[in-house]
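Text of the file data_3.cif, holding mmCIF, C-alpha atoms:
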data_protein
loop_
_atom_site.label_atom_id
_atom_site.label_comp_id
_atom_site.auth_asym_id
_atom_site.auth_seq_id
_atom_site.Cartn_x
_atom_site.Cartn_y
_atom_site.Cartn_z
CA MET A 1 79.60 24.39 9.56
CA ASN A 2 80.08 27.66 11.43
CA GLU A 3 77.88 29.45 8.89
CA ALA A 4 75.09 26.89 9.39
CA LEU A 5 75.27 27.27 13.17
CA THR A 6 75.09 31.03 12.78
CA LEU A 7 71.97 30.77 10.59
CA ILE A 8 70.08 28.63 13.10
CA SER A 9 71.33 30.51 16.16
CA PHE A 10 69.29 32.93 18.25
CA GLY A 11 69.78 36.65 17.87
CA PRO A 12 69.84 39.14 14.99
CA GLU A 13 72.13 37.04 12.81
CA GLY A 14 70.20 33.80 13.03
CA TRP A 15 66.68 32.45 12.57
CA GLY A 16 66.46 30.66 15.90
CA ASP A 17 64.00 33.14 17.40
CA GLU A 18 61.59 32.81 14.47
CA ILE A 19 61.86 29.02 14.42
CA ALA A 20 61.17 28.93 18.18
CA ARG A 21 58.05 31.08 17.70
CA GLY A 22 56.97 28.71 14.96
CA VAL A 23 57.37 25.73 17.28
CA LEU A 24 55.29 27.52 19.91
CA ILE A 25 52.50 28.17 17.37
CA THR A 26 52.63 24.55 16.17
CA VAL A 27 52.35 23.08 19.67
CA SER A 28 49.73 25.65 20.74
CA LEU A 29 47.58 24.88 17.70
CA ALA A 30 47.72 21.13 18.32
CA LEU A 31 46.92 21.54 22.03
CA ALA A 32 44.06 23.95 21.26
CA SER A 33 42.55 21.60 18.68
CA LEU A 34 42.79 18.48 20.85
CA PRO A 35 40.05 19.14 23.46
CA PHE A 36 37.53 20.32 20.87
CA GLY A 37 38.26 17.29 18.71
CA LEU A 38 37.89 14.93 21.66
CA VAL A 39 34.57 16.44 22.81
CA ILE A 40 33.07 16.50 19.31
CA GLY A 41 34.36 12.98 18.61
CA PHE A 42 32.82 11.70 21.84
CA LEU A 43 29.46 13.29 21.02
CA VAL A 44 29.54 11.85 17.50
CA ALA A 45 30.34 8.41 18.93
CA LEU A 46 27.38 8.76 21.31
CA ALA A 47 25.18 9.58 18.33
CA LYS A 48 26.48 6.56 16.41
CA ASN A 49 25.79 4.38 19.44
CA SER A 50 22.30 5.83 19.86
CA GLY A 51 19.08 3.97 19.25
CA ASP A 52 17.79 6.92 17.22
CA ALA A 53 18.27 6.24 13.50
CA SER A 54 18.34 9.95 12.60
CA LEU A 55 21.20 10.58 15.04
CA ARG A 56 23.14 7.60 13.70
CA ASN A 57 22.66 8.75 10.11
CA ALA A 58 23.71 12.33 10.92
CA ALA A 59 26.84 11.08 12.71
CA ASN A 60 27.72 8.76 9.82
CA ILE A 61 27.33 11.61 7.32
CA TYR A 62 29.58 13.82 9.48
CA THR A 63 32.38 11.27 9.66
CA THR A 64 32.05 10.37 5.98
CA ILE A 65 32.49 14.01 4.98
CA PHE A 66 35.47 14.88 7.15
CA ARG A 67 37.23 11.55 6.73
CA GLY A 68 36.69 11.69 2.97
CA LEU A 69 37.87 15.25 2.32
CA PRO A 70 41.60 16.01 2.14
CA GLU A 71 42.67 17.87 5.27
CA LEU A 72 44.05 20.78 3.25
CA LEU A 73 40.74 21.17 1.42
CA THR A 74 38.88 21.18 4.75
CA LEU A 75 41.23 23.91 5.95
CA PHE A 76 40.57 26.02 2.85
CA LEU A 77 36.80 25.54 3.17
CA VAL A 78 36.84 26.66 6.80
CA TYR A 79 39.19 29.60 6.23
CA TYR A 80 37.86 31.02 2.97
CA GLY A 81 34.30 29.70 3.18
CA GLY A 82 33.93 30.76 6.80
CA GLN A 83 35.18 34.23 5.93
CA MET A 84 32.68 34.57 3.08
CA LEU A 85 29.83 33.37 5.28
CA LEU A 86 30.69 35.76 8.13
CA ASN A 87 30.99 38.66 5.70
CA GLU A 88 27.54 37.93 4.27
CA ILE A 89 26.05 37.78 7.76
CA ALA A 90 27.80 41.02 8.78
CA ARG A 91 26.48 42.82 5.69
CA LEU A 92 22.94 41.96 6.73
CA PHE A 93 23.39 44.26 9.72
CA VAL A 94 25.99 46.78 8.54
CA THR A 95 26.39 47.76 4.89
CA GLY A 96 29.92 47.19 3.60
CA ALA A 97 31.08 45.48 6.78
CA THR A 98 33.94 43.00 6.47
CA VAL A 99 35.14 40.26 8.80
CA ASP A 100 38.65 38.81 8.77
CA VAL A 101 38.97 35.24 9.97
CA ASN A 102 41.95 34.58 12.19
CA SER A 103 44.14 31.90 10.62
CA PHE A 104 44.86 30.29 14.00
CA ILE A 105 41.12 29.95 14.77
CA ALA A 106 40.42 28.64 11.27
CA GLY A 107 43.21 26.09 11.59
CA MET A 108 41.98 25.02 15.01
CA ILE A 109 38.41 24.52 13.73
CA ALA A 110 39.50 22.58 10.65
CA LEU A 111 41.90 20.33 12.56
CA SER A 112 39.30 19.75 15.28
CA LEU A 113 36.71 18.66 12.71
CA VAL A 114 39.09 16.22 11.04
CA PHE A 115 40.42 14.91 14.36
CA SER A 116 36.90 14.42 15.75
CA SER A 117 35.78 12.36 12.75
CA TYR A 118 38.55 9.83 13.42
CA ALA A 119 38.32 10.08 17.21
CA SER A 120 34.63 9.16 16.99
CA GLU A 121 35.60 5.78 15.52
CA ALA A 122 38.07 5.22 18.35
CA PHE A 123 35.39 6.03 20.93
CA LEU A 124 32.83 3.88 19.10
CA SER A 125 35.16 0.87 19.16
CA ALA A 126 35.74 1.49 22.87
CA PHE A 127 31.97 1.64 23.47
CA ARG A 128 31.62 -1.76 21.84
CA GLY A 129 34.35 -3.13 24.11
CA ILE A 130 32.35 -2.32 27.25
CA ARG A 131 29.91 -5.04 28.22
CA HIS A 132 26.25 -4.19 28.65
CA GLY A 133 26.45 -5.56 32.19
CA GLN A 134 28.50 -2.50 33.17
CA TYR A 135 25.48 -0.31 32.43
CA GLU A 136 23.12 -2.66 34.23
CA GLY A 137 25.42 -2.77 37.25
CA GLY A 138 25.38 1.03 37.45
CA TYR A 139 21.58 1.15 37.24
CA ALA A 140 21.33 -1.59 39.90
CA LEU A 141 23.38 0.61 42.25
CA GLY A 142 20.84 3.38 41.82
CA LEU A 143 22.94 5.51 39.48
CA SER A 144 21.20 7.58 36.85
CA ARG A 145 22.00 7.22 33.17
CA GLY A 146 24.33 10.24 33.31
CA GLN A 147 26.06 9.07 36.49
CA THR A 148 26.56 5.59 35.02
CA MET A 149 28.14 7.13 31.94
CA ARG A 150 30.40 9.45 33.96
CA LEU A 151 31.43 7.13 36.80
CA VAL A 152 31.33 3.65 35.27
CA VAL A 153 31.55 3.82 31.49
CA LEU A 154 33.70 6.89 30.78
CA PRO A 155 36.82 5.76 32.76
CA GLN A 156 36.80 2.43 30.91
CA LEU A 157 36.08 4.16 27.62
CA ILE A 158 39.13 6.42 27.90
CA ARG A 159 41.38 3.49 28.79
CA LEU A 160 40.18 1.44 25.81
CA ALA A 161 40.35 4.33 23.35
CA LEU A 162 43.69 5.71 24.56
CA PRO A 163 46.02 3.82 22.15
CA ALA A 164 44.02 4.93 19.10
CA LEU A 165 43.68 8.48 20.41
CA GLY A 166 47.43 8.59 21.00
CA ASN A 167 48.06 7.77 17.36
CA LEU A 168 45.56 10.44 16.32
CA TRP A 169 47.39 13.00 18.47
CA LEU A 170 50.64 12.28 16.63
CA ILE A 171 48.81 12.71 13.31
CA LEU A 172 47.27 15.96 14.53
CA LEU A 173 50.68 17.27 15.53
CA LYS A 174 52.00 16.68 12.02
CA GLU A 175 48.90 18.06 10.30
CA THR A 176 49.45 21.43 11.94
CA ALA A 177 51.99 21.99 9.17
CA LEU A 178 49.05 22.52 6.79
CA VAL A 179 48.19 25.87 8.36
CA SER A 180 51.26 27.41 6.74
CA ALA A 181 49.14 27.41 3.56
CA ILE A 182 46.80 30.06 5.03
CA GLY A 183 49.56 32.28 6.37
CA LEU A 184 49.86 31.15 9.97
CA GLU A 185 53.47 31.53 11.06
CA ASP A 186 54.04 28.00 12.32
CA LEU A 187 57.24 25.97 12.25
CA LEU A 188 56.98 24.98 8.59
CA ARG A 189 56.19 28.51 7.40
CA TRP A 190 59.18 30.03 9.21
CA ALA A 191 61.40 27.24 7.90
CA GLY A 192 60.21 28.03 4.38
CA ILE A 193 60.79 31.77 4.78
CA ALA A 194 64.28 31.19 6.17
CA ALA A 195 65.08 28.75 3.36
CA ARG A 196 64.06 31.26 0.69
CA VAL A 197 65.92 34.19 2.25
CA THR A 198 69.16 32.34 3.00
CA LYS A 199 69.06 29.95 0.01
CA GLU A 200 69.64 27.08 2.46
CA PRO A 201 66.54 24.88 2.08
CA PHE A 202 68.19 21.68 3.28
CA LEU A 203 69.38 23.30 6.50
CA PHE A 204 66.05 24.77 7.55
CA PHE A 205 63.72 22.05 6.28
CA GLY A 206 66.07 19.48 7.79
CA SER A 207 65.93 21.36 11.09
CA ALA A 208 62.12 21.36 10.87
CA CYS A 209 62.18 17.59 10.33
CA LEU A 210 64.28 17.10 13.44
CA ILE A 211 61.98 19.32 15.50
CA TYR A 212 58.86 17.44 14.36
CA LEU A 213 60.58 14.15 15.17
CA ALA A 214 61.55 15.47 18.62
CA LEU A 215 57.96 16.57 19.29
CA SER A 216 56.69 13.14 18.20
CA MET A 217 59.20 11.34 20.43
CA ILE A 218 58.28 13.49 23.45
CA SER A 219 54.60 12.86 22.75
CA SER A 220 55.17 9.11 22.43
CA ILE A 221 56.94 9.01 25.80
CA GLY A 222 54.15 11.00 27.42
CA LEU A 223 51.43 8.83 25.86
CA ARG A 224 53.20 5.69 26.99
CA ARG A 225 53.29 6.94 30.57
CA ILE A 226 49.62 7.90 30.44
CA GLU A 227 48.75 4.45 29.11
CA ILE A 228 50.72 2.77 31.91
CA TRP A 229 48.99 5.01 34.46
CA SER A 230 45.56 4.17 33.04
CA LYS A 231 46.26 0.44 33.46
CA ARG A 232 47.62 0.62 36.99
CA GLY A 233 44.49 -1.06 38.38
CA GLU A 234 44.89 -4.03 36.04
CA ALA A 235 48.47 -4.53 37.13
CA ALA A 236 47.40 -4.52 40.77
CA ARG A 237 44.79 -7.17 40.11
#
As C-alpha cells - that is how I would like this structure written.
Amino acid sequence: MNEALTLISFGPEGWGDEIARGVLITVSLALASLPFGLVIGFLVALAKNSGDASLRNAANIYTTIFRGLPELLTLFLVYYGGQMLLNEIARLFVTGATVDVNSFIAGMIALSLVFSSYASEAFLSAFRGIRHGQYEGGYALGLSRGQTMRLVVLPQLIRLALPALGNLWLILLKETALVSAIGLEDLLRWAGIAARVTKEPFLFFGSACLIYLALSMISSIGLRRIEIWSKRGEAAR
C-alpha cells in the first residue's frame, strides 16, 4: 500500500506530476475542441435546414463521413494526411521544406470534426422543435433575419439542444484519450508510460479510470446546473 502511494505521489519518487500534466492536457484539449465543434455543428445544421438543395446535400455528406469513420481513423487522417498535405504545399514554395503538425492541434481538429457532425443533429432536432410562428413573430416586430435568429431563435435552440450537447461533451471528454496514439502526452499516455516503467499497470490505468470518472461526474454536475439555469423562465411561468 505504501509503495502504491509513493508511485502515485508528487515529487521525484512518484508519477503524480506527470499524471497531473496529462489531466491538464486532456481537459485543455476537450475545452479547445468544444467551441469549434459547436460552431461548425451549428453551421452544418443551418445548411441542413436550408432551402438550398446543394447546401443540404453538402451538409449530409459531411455528417455521413465523420459519423461513419472511426474516430481514431479520423485522427490519423488529420495528423498524417494533414502533415503530408502541408509538406507538399511548402515544397511548392521552398525546395526540401518540411512542416511538422502539432499533435495537440491535430487532435483538436479531428475531435472538432467528429463532435460537430453529431452536434449538427442535435441542433437540427432543436430547429425542428421551434415553431415557425417564432420566426414570423420576430419579422412582425421589425427584426431582420439575422436579428430574429440571434435574439429569438438561438436562445430557444440552445435550451432545446442542451441535453444532447451535454451527452456529446461527455463523449468528447472520453475521446481525448485517442490522442495518445499520436504522441500527445495526455492522461492515458502518461498512465501507459508509468505502467510500463513501474510494471504496475493496474495501479496507473485504474487511477486513470478514476480520474476520467471524476471528470465526468464534475461535468455532469455542471451540465445539470446549466440546464436548470436555462429553464429558469419556464419555472417562473
Could you tell me, as a ChimeraX atom specification, exactly which residues end up selected when the PyMOL selection byres ((chain A and resi 26) around 12) is applied to this structure? /A:19-25,27-33,104,107-108,172-180,184-190,208,211-212,215
Give me the residues within 9 Å of Val78 in chain A as a ChimeraX atom specification, counting all atoms listed in the file and dropping any in the same chain fewer than 2 places off. /A:73-76,80-83,106-107,109-110
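Closest approach to Ala195 in chain A from the set A:Thr6, A:Leu141, A:Ser207, A:Ala161 is made by A:Ser207, with distances taken over all atoms listed in the file.
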Tell me which of A:Asn87, A:Gly96, A:Val152, A:Leu113 sits closest to Gly133 in chain A, counting all atoms listed in the file.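 For Gly133 in chain A, the nearest of the candidates is A:Val152.
The nearest approach to Leu223 in chain A among the residues A:Leu85, A:Leu168, A:Ile182, A:Ala194, with all atoms listed in the file taken into account, belongs to A:Leu168.
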Among listed residues A:Ile218, A:Cys209, A:Leu124, A:Leu162, nearest Lys231 in chain A (using all atoms listed in the file):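 Under the stated criterion, the closest residue is A:Leu162.
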Matched chain/residue IDs from the PyMOL selection byres ((chain A and resi 203) around 12), as an MDAnalysis selection string: chainID A and resid 1 3:8 15 191:192 194:196 198:202 204:210
Considering all atoms listed in the file, state which residue in the set A:Ile158, A:Asn102, A:Leu213, A:Ala181 is at the smallest distance from Ser230 in chain A. A:Ile158
Output check: residues returned by the PyMOL selection byres ((chain A and resi 125-127) around 9), as an mmCIF file with C-alpha atoms, keeping the file's coordinate frame:
data_model
loop_
_atom_site.group_PDB
_atom_site.id
_atom_site.type_symbol
_atom_site.label_atom_id
_atom_site.label_comp_id
_atom_site.auth_asym_id
_atom_site.auth_seq_id
_atom_site.Cartn_x
_atom_site.Cartn_y
_atom_site.Cartn_z
ATOM 1 C CA ALA A 45 30.340 8.410 18.930
ATOM 2 C CA LEU A 46 27.380 8.760 21.310
ATOM 3 C CA ASN A 49 25.790 4.380 19.440
ATOM 4 C CA SER A 120 34.630 9.160 16.990
ATOM 5 C CA GLU A 121 35.600 5.780 15.520
ATOM 6 C CA ALA A 122 38.070 5.220 18.350
ATOM 7 C CA PHE A 123 35.390 6.030 20.930
ATOM 8 C CA LEU A 124 32.830 3.880 19.100
ATOM 9 C CA ARG A 128 31.620 -1.760 21.840
ATOM 10 C CA GLY A 129 34.350 -3.130 24.110
ATOM 11 C CA ILE A 130 32.350 -2.320 27.250
ATOM 12 C CA ARG A 131 29.910 -5.040 28.220
ATOM 13 C CA VAL A 153 31.550 3.820 31.490
ATOM 14 C CA GLN A 156 36.800 2.430 30.910
ATOM 15 C CA LEU A 157 36.080 4.160 27.620
ATOM 16 C CA ILE A 158 39.130 6.420 27.900
ATOM 17 C CA ARG A 159 41.380 3.490 28.790
ATOM 18 C CA LEU A 160 40.180 1.440 25.810
ATOM 19 C CA ALA A 161 40.350 4.330 23.350
#
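Picture a line from CA of Thr64 in chain A to CA of Val44 in chain A; it runs 11.9 Å.
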Please write out, as JSON, where the centre of an axis-aligned box around all listed atoms of range 42-56 of chain A lies and how long its edges are, in Å to one decimal, after adding 8 Å on each side.
{"center_x": 25.3, "center_y": 8.6, "center_z": 17.2, "size_x": 31.0, "size_y": 25.3, "size_z": 25.2}
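A straight line drawn from CA of Tyr139 in chain A to CA of Ala47 in chain A is 21.0 Å long.
If you measure from each of A:Ser117, A:Ser112, A:Ser103, A:Ser9 to Asn60 in chain A using all atoms listed in the file, the closest one turns out to be A:Ser117.
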Would you kindly return, as a ChimeraX atom specification, each protein, DNA or RNA residue with an atom no farther than 10 Å from any atom of Ser220 in chain A, considering all atoms listed in the file and excluding same-chain residues fewer than 3 positions away? /A:166-167,169-170,214-217,223-226
